$ cat model.cif   # mmCIF, C-alpha atoms
data_model
loop_
_atom_site.label_atom_id
_atom_site.label_comp_id
_atom_site.auth_asym_id
_atom_site.auth_seq_id
_atom_site.Cartn_x
_atom_site.Cartn_y
_atom_site.Cartn_z
CA TRP A 705 15.55 -1.95 3.33
CA ALA A 706 17.56 -2.54 6.49
CA PRO A 707 16.40 -3.44 10.02
CA ARG A 708 16.26 -0.84 12.76
CA THR A 709 18.82 -1.38 15.52
CA GLY A 710 20.08 0.48 18.58
CA ALA A 711 17.88 3.03 20.32
CA ALA A 712 15.87 3.63 17.18
CA GLY A 713 15.21 -0.08 16.88
CA ALA A 714 14.12 -0.34 20.51
CA ALA A 715 11.73 2.56 20.03
CA ALA A 716 10.31 0.92 16.93
CA ALA A 717 9.78 -2.30 18.87
CA ASN A 718 7.73 -0.36 21.38
CA GLY A 719 5.65 1.20 18.64
CA THR A 720 6.90 4.75 19.17
CA ALA A 721 8.86 4.88 15.90
CA ALA A 722 6.73 2.52 13.83
CA LEU A 723 5.95 5.30 11.35
CA ARG A 724 9.64 6.05 10.69
CA PRO A 725 11.06 2.99 8.91
CA ASN A 726 14.39 3.03 7.15
CA ILE A 727 13.96 3.84 3.45
CA VAL A 728 16.16 2.59 0.61
CA TRP A 729 15.11 4.04 -2.75
CA VAL A 730 16.86 2.62 -5.82
CA MET A 731 16.00 4.51 -8.99
CA ALA A 732 16.83 3.21 -12.46
CA ASP A 733 15.23 5.88 -14.59
CA ASP A 734 15.58 4.19 -17.99
CA LEU A 735 15.07 0.58 -16.95
CA GLY A 736 12.27 -1.00 -18.96
CA TRP A 737 9.63 -3.17 -17.33
CA GLY A 738 10.49 -6.08 -19.61
CA GLU A 739 14.22 -5.91 -18.94
CA VAL A 740 13.99 -7.36 -15.43
CA GLY A 741 14.12 -11.15 -15.30
CA LEU A 742 11.04 -11.37 -13.09
CA PHE A 743 8.75 -10.16 -15.88
CA PRO A 744 8.08 -11.71 -19.30
CA ALA A 745 9.58 -10.10 -22.36
CA GLU A 746 10.81 -11.06 -25.80
CA SER A 747 13.51 -8.51 -26.53
CA PRO A 748 15.60 -9.22 -29.64
CA HIS A 749 18.60 -8.00 -27.64
CA GLY A 750 18.22 -10.70 -25.01
CA ARG A 751 17.52 -10.42 -21.28
CA ILE A 752 19.42 -8.81 -18.43
CA THR A 753 20.31 -11.11 -15.56
CA THR A 754 18.79 -9.48 -12.47
CA PRO A 755 18.67 -12.11 -9.69
CA SER A 756 18.57 -9.60 -6.82
CA LEU A 757 15.74 -7.57 -8.37
CA ASP A 758 13.90 -10.79 -9.17
CA ARG A 759 14.13 -11.88 -5.53
CA LEU A 760 13.03 -8.46 -4.33
CA GLY A 761 9.98 -8.71 -6.57
CA ARG A 762 9.12 -12.24 -5.48
CA GLU A 763 9.44 -11.49 -1.76
CA GLY A 764 8.12 -7.93 -1.76
CA VAL A 765 5.27 -5.93 -3.21
CA VAL A 766 5.05 -5.35 -6.96
CA PHE A 767 2.93 -2.53 -8.38
CA SER A 768 1.97 -3.82 -11.81
CA GLN A 769 -0.60 -1.13 -12.58
CA ALA A 770 1.36 2.03 -11.88
CA TYR A 771 3.26 4.66 -13.81
CA ALA A 772 6.50 6.53 -13.22
CA GLY A 773 6.33 10.30 -13.00
CA TYR A 774 8.06 10.52 -16.37
CA THR A 775 9.76 8.21 -18.84
CA VAL A 776 13.39 9.33 -18.57
CA CYS A 777 16.12 10.83 -16.41
CA ALA A 778 15.83 14.20 -14.67
CA PRO A 779 12.07 14.72 -15.20
CA SER A 780 11.40 11.36 -13.56
CA ARG A 781 13.56 12.31 -10.60
CA THR A 782 11.86 15.71 -10.46
CA ALA A 783 8.54 13.94 -9.98
CA PHE A 784 10.03 11.91 -7.13
CA PHE A 785 11.75 14.81 -5.38
CA THR A 786 8.76 17.18 -5.64
CA GLY A 787 5.94 14.69 -5.27
CA ARG A 788 4.29 16.14 -8.38
CA HIS A 789 3.44 14.47 -11.66
CA SER A 790 5.14 15.95 -14.71
CA GLY A 791 1.79 17.28 -15.89
CA HIS A 792 1.99 19.79 -13.02
CA PHE A 793 5.54 20.98 -13.70
CA ARG A 794 4.48 24.05 -15.68
CA ARG A 795 2.03 25.14 -13.01
CA MET A 796 4.80 24.77 -10.41
CA GLY A 797 7.19 26.74 -12.59
CA VAL A 798 9.75 23.92 -12.90
CA ASP A 799 11.21 22.52 -16.10
CA GLY A 800 12.06 19.03 -14.88
CA MET A 801 15.77 19.55 -15.55
CA ALA A 802 17.14 21.88 -12.86
CA LEU A 803 15.77 22.76 -9.43
CA GLN A 804 17.83 25.30 -7.49
CA PRO A 805 17.63 25.67 -3.68
CA GLU A 806 16.58 29.31 -4.00
CA ARG A 807 13.39 28.20 -5.72
CA GLY A 808 12.14 27.15 -2.30
CA VAL A 809 10.54 23.93 -3.51
CA LEU A 810 10.30 21.42 -0.67
CA THR A 811 11.92 18.13 -1.65
CA SER A 812 11.14 14.65 -0.38
CA ALA A 813 14.65 14.54 1.10
CA GLN A 814 14.07 17.78 3.04
CA LEU A 815 10.79 16.43 4.35
CA LEU A 816 12.51 13.30 5.67
CA GLN A 817 15.47 15.28 7.01
CA ARG A 818 13.11 17.49 9.01
CA ALA A 819 11.45 14.34 10.34
CA GLY A 820 14.77 13.29 11.84
CA TYR A 821 16.16 11.04 9.12
CA ALA A 822 19.82 10.67 8.20
CA THR A 823 19.85 11.22 4.45
CA GLY A 824 22.33 10.14 1.80
CA ALA A 825 22.27 10.54 -2.00
CA PHE A 826 24.39 8.50 -4.38
CA GLY A 827 24.44 8.64 -8.17
CA LYS A 828 22.38 10.85 -10.45
CA VAL A 829 20.57 13.65 -8.61
CA ALA A 830 19.44 16.06 -11.36
CA PRO A 831 17.28 18.17 -11.06
CA LEU A 832 18.87 18.98 -7.69
CA THR A 833 21.71 21.45 -8.19
CA SER A 834 22.96 21.42 -4.59
CA PRO A 835 22.02 18.16 -2.82
CA LEU A 836 23.41 19.20 0.56
CA GLU A 837 21.18 22.26 0.53
CA GLN A 838 18.16 20.30 -0.66
CA GLY A 839 17.75 17.67 2.00
CA PHE A 840 20.80 15.40 1.95
CA ASP A 841 23.45 15.08 4.66
CA HIS A 842 25.82 13.18 2.40
CA PHE A 843 26.28 13.09 -1.37
CA ILE A 844 28.53 11.34 -3.88
CA GLY A 845 27.48 11.21 -7.51
CA GLN A 846 26.87 13.48 -10.47
CA VAL A 847 24.93 16.74 -10.48
CA ASP A 848 25.34 17.53 -14.18
CA GLN A 849 22.82 15.47 -16.13
CA GLY A 850 24.94 15.66 -19.28
CA LEU A 851 28.01 14.19 -17.59
CA CYS A 852 26.02 11.17 -16.45
CA HIS A 853 26.09 9.80 -19.97
CA ASN A 854 29.77 8.98 -19.51
CA MET A 855 29.96 6.04 -17.11
CA TYR A 856 33.76 6.05 -17.06
CA PRO A 857 34.52 9.70 -16.17
CA ARG A 858 37.75 10.86 -14.60
CA GLU A 859 35.95 12.68 -11.81
CA ILE A 860 32.54 12.76 -10.16
CA ASP A 861 31.08 15.03 -7.46
CA ALA A 862 31.22 14.74 -3.68
CA GLY A 863 29.70 17.00 -1.03
CA ARG A 864 29.35 20.62 -2.12
CA ALA A 865 32.16 20.60 -4.67
CA ARG A 866 32.14 19.47 -8.29
CA LEU A 867 34.46 17.04 -10.04
CA ASN A 868 36.46 16.59 -6.84
CA TYR A 869 36.20 12.80 -6.48
CA GLU A 870 38.86 11.31 -8.74
CA LEU A 871 38.39 7.93 -10.42
CA ILE A 872 41.99 6.85 -10.92
CA GLY A 873 41.19 3.86 -13.11
CA ASN A 874 39.61 6.06 -15.75
CA ARG A 875 42.78 8.02 -16.43
CA ALA A 876 44.10 5.19 -18.61
CA ALA A 877 45.33 6.28 -22.01
CA GLU A 878 43.32 3.60 -23.78
CA LYS A 879 39.63 3.82 -23.02
CA ALA A 880 36.95 2.44 -25.29
CA ARG A 881 33.79 0.44 -24.82
CA GLU A 882 35.43 -2.74 -26.08
CA VAL A 883 38.40 -2.38 -23.73
CA CYS A 884 36.22 -1.57 -20.72
CA MET A 885 34.02 -4.59 -21.41
CA ALA A 886 37.01 -6.90 -21.84
CA HIS A 887 38.88 -5.67 -18.73
CA PRO A 888 36.35 -4.08 -16.32
CA GLU A 889 38.72 -4.50 -13.37
CA ARG A 890 41.02 -1.85 -14.85
CA TYR A 891 38.44 0.90 -14.77
CA ASN A 892 36.02 2.67 -12.39
CA TYR A 893 32.45 2.10 -13.57
CA THR A 894 30.21 4.75 -12.00
CA VAL A 895 27.46 2.23 -11.23
CA ASP A 896 29.93 0.25 -9.11
CA VAL A 897 31.27 3.40 -7.42
CA PHE A 898 27.79 4.65 -6.51
CA HIS A 899 26.80 1.24 -5.15
CA ALA A 900 29.96 0.84 -3.06
CA GLU A 901 29.68 4.33 -1.56
CA ALA A 902 25.99 3.85 -0.80
CA MET A 903 26.60 0.54 0.97
CA ALA A 904 29.46 2.03 2.99
CA TRP A 905 27.26 4.95 4.09
CA MET A 906 24.39 2.64 5.03
CA GLU A 907 26.70 0.44 7.10
CA ALA A 908 27.82 3.57 8.95
CA VAL A 909 24.34 4.87 9.78
CA VAL A 910 22.31 1.69 10.23
CA HIS A 911 23.30 1.32 13.88
CA GLY A 912 22.63 4.95 14.73
CA ASP A 913 19.80 6.46 16.72
CA ARG A 914 18.03 7.88 13.66
CA PRO A 915 16.17 6.19 10.81
CA PHE A 916 17.83 6.67 7.44
CA PHE A 917 16.86 7.48 3.86
CA LEU A 918 19.25 6.14 1.23
CA TYR A 919 18.69 7.39 -2.31
CA LEU A 920 20.63 5.47 -4.98
CA SER A 921 20.09 6.43 -8.61
CA PHE A 922 21.59 4.97 -11.78
#

$ encode --input "model.cif" --output "structure tokens"
Amino acid sequence: WAPRTGAAGAAAANGTAALRPNIVWVMADDLGWGEVGLFPAESPHGRITTPSLDRLGREGVVFSQAYAGYTVCAPSRTAFFTGRHSGHFRRMGVDGMALQPERGVLTSAQLLQRAGYATGAFGKVAPLTSPLEQGFDHFIGQVDQGLCHNMYPREIDAGRARLNYELIGNRAAEKAREVCMAHPERYNYTVDVFHAEAMAWMEAVVHGDRPFFLYLSF
């Protein structure tokens, strides 16, 4: 979430844009409920330190009796982008893995774009195969669901092209989990790249005349 400023903020103050708040959607498709520090869990693997998420939960609204559209990855994002539960995918003729623009399925991003929002997508966007044709003004991330499993790739996607955003740090000759964990500063971790690009985009649009929708997916 970010406050409205400029002309858009003034309009909101007068009540004319009260129904168009800025939207920041952070999606962690495989994050378990018990992995966030705010909630109780007894994992044998220990807990993840999540101070920012804990604060967000304490100061915001927590839906403790709700379900995600699906349990993993692209199908979960399909539910979000289409507004349909996975139980309706077959009836819609979608497989939950790939959704091409020519299918003509209205996405949540297109809906917001038509409502006047600036829209930016960062990170994993499958099932979308062409984010800039499916509701987003700006995109940096990974379209190919399979490539997302490598969090230290040499290239990711930007705009309409594929594998055109080079991650220089990941061209090191020696690359292994142990080395990356011991010396993270030497490499480009996709989670950090997505976060940095998303924050830079938000800083650029937050003072504009339009509300914004930031979609950040890990």

$ atom_distance --input "model.cif" --atom1 "atom CA of Pro888 of chain A" --atom2 "atom CA of Val847 of chain A"
24.5 Å

$ residues_around --input "model.cif" --residues "Ala830 of chain A" --least-positions-apart "2" --cutoff "12 Å" --atoms "all atoms listed in the file" --output "NGL selection string"
:A and (733 or 776-785 or 799-804 or 825-828 or 832-835 or 838 or 845-852 or 921-922)

$ residues_around --input "model.cif" --residues "Glu878 of chain A" --least-positions-apart "6" --cutoff "12 Å" --atoms "all atoms listed in the file" --output "MDAnalysis selection string"
chainID A and resid 856 884 887 890:891

$ atom_distance --input "model.cif" --atom1 "atom CA of Tyr771 of chain A" --atom2 "atom CA of Val740 of chain A"
16.2 Å

$ closest_residue --input "model.cif" --among "A:Arg807, A:Arg818, A:Arg788, A:Arg881" --to "Pro915 of chain A" --atoms "only C-alpha atoms"
A:Arg818

$ closest_residue --input "model.cif" --among "A:Ala900, A:Leu836, A:Leu816, A:Val895" --to "Arg914 of chain A" --atoms "only C-alpha atoms"
A:Leu816

$ closest_residue --input "model.cif" --among "A:Leu871, A:Met796, A:Ala813, A:Val728" --to "Leu918 of chain A" --atoms "only C-alpha atoms"
A:Val728

$ resolve_selection --input "model.cif" --expression "the PyMOL selection byres ((chain A and resi 863-867) around 7)" --output "list in words"
Ser834, Leu836, His842, Phe843, Ile844, Glu859, Ile860, Asp861, Ala862, Asn868 and Tyr869 of chain A

$ closest_residue --input "model.cif" --among "A:Phe743, A:Asn854, A:Gly787, A:Gln817" --to "Val766 of chain A" --atoms "only C-alpha atoms"
A:Phe743

$ residues_around --input "model.cif" --residues "Gln814 of chain A" --least-positions-apart "4" --cutoff "12 Å" --atoms "only C-alpha atoms" --output "VMD selection string"
chain A and resid 785 to 786 805 808 to 810 818 to 824 832 835 to 841 917

$ write_last_selection --input "model.cif" --atoms "C-alpha atoms" --output "PDB file, keeping the file's coordinate frame"
ATOM      1  CA  PHE A 785      11.750  14.810  -5.380  1.00  0.00           C
ATOM      2  CA  THR A 786       8.760  17.180  -5.640  1.00  0.00           C
ATOM      3  CA  PRO A 805      17.630  25.670  -3.680  1.00  0.00           C
ATOM      4  CA  GLY A 808      12.140  27.150  -2.300  1.00  0.00           C
ATOM      5  CA  VAL A 809      10.540  23.930  -3.510  1.00  0.00           C
ATOM      6  CA  LEU A 810      10.300  21.420  -0.670  1.00  0.00           C
ATOM      7  CA  ARG A 818      13.110  17.490   9.010  1.00  0.00           C
ATOM      8  CA  ALA A 819      11.450  14.340  10.340  1.00  0.00           C
ATOM      9  CA  GLY A 820      14.770  13.290  11.840  1.00  0.00           C
ATOM     10  CA  TYR A 821      16.160  11.040   9.120  1.00  0.00           C
ATOM     11  CA  ALA A 822      19.820  10.670   8.200  1.00  0.00           C
ATOM     12  CA  THR A 823      19.850  11.220   4.450  1.00  0.00           C
ATOM     13  CA  GLY A 824      22.330  10.140   1.800  1.00  0.00           C
ATOM     14  CA  LEU A 832      18.870  18.980  -7.690  1.00  0.00           C
ATOM     15  CA  PRO A 835      22.020  18.160  -2.820  1.00  0.00           C
ATOM     16  CA  LEU A 836      23.410  19.200   0.560  1.00  0.00           C
ATOM     17  CA  GLU A 837      21.180  22.260   0.530  1.00  0.00           C
ATOM     18  CA  GLN A 838      18.160  20.300  -0.660  1.00  0.00           C
ATOM     19  CA  GLY A 839      17.750  17.670   2.000  1.00  0.00           C
ATOM     20  CA  PHE A 840      20.800  15.400   1.950  1.00  0.00           C
ATOM     21  CA  ASP A 841      23.450  15.080   4.660  1.00  0.00           C
ATOM     22  CA  PHE A 917      16.860   7.480   3.860  1.00  0.00           C
TER      23      PHE A 917
END

$ atom_distance --input "model.cif" --atom1 "atom CA of Ile872 of chain A" --atom2 "atom CA of Ala902 of chain A"
19.2 Å

$ residues_around --input "model.cif" --residues "Asp758 of chain A" --least-positions-apart "5" --cutoff "10 Å" --atoms "all atoms listed in the file" --output "list in words"
Val740, Gly741, Leu742, Phe743, Thr753, Glu763 and Gly764 of chain A

$ write_last_selection --input "model.cif" --atoms "C-alpha atoms" --output "compact mmCIF listing (two decimals), keeping the file's coordinate frame"
# COMPACT_ATOMS: atom_id res chain seq x y z
CA VAL A 740 13.99 -7.36 -15.43
CA GLY A 741 14.12 -11.15 -15.30
CA LEU A 742 11.04 -11.37 -13.09
CA PHE A 743 8.75 -10.16 -15.88
CA THR A 753 20.31 -11.11 -15.56
CA GLU A 763 9.44 -11.49 -1.76
CA GLY A 764 8.12 -7.93 -1.76

$ closest_residue --input "model.cif" --among "A:Leu735, A:Leu815, A:Met885, A:Val730" --to "Leu760 of chain A" --atoms "all atoms listed in the file"
A:Val730
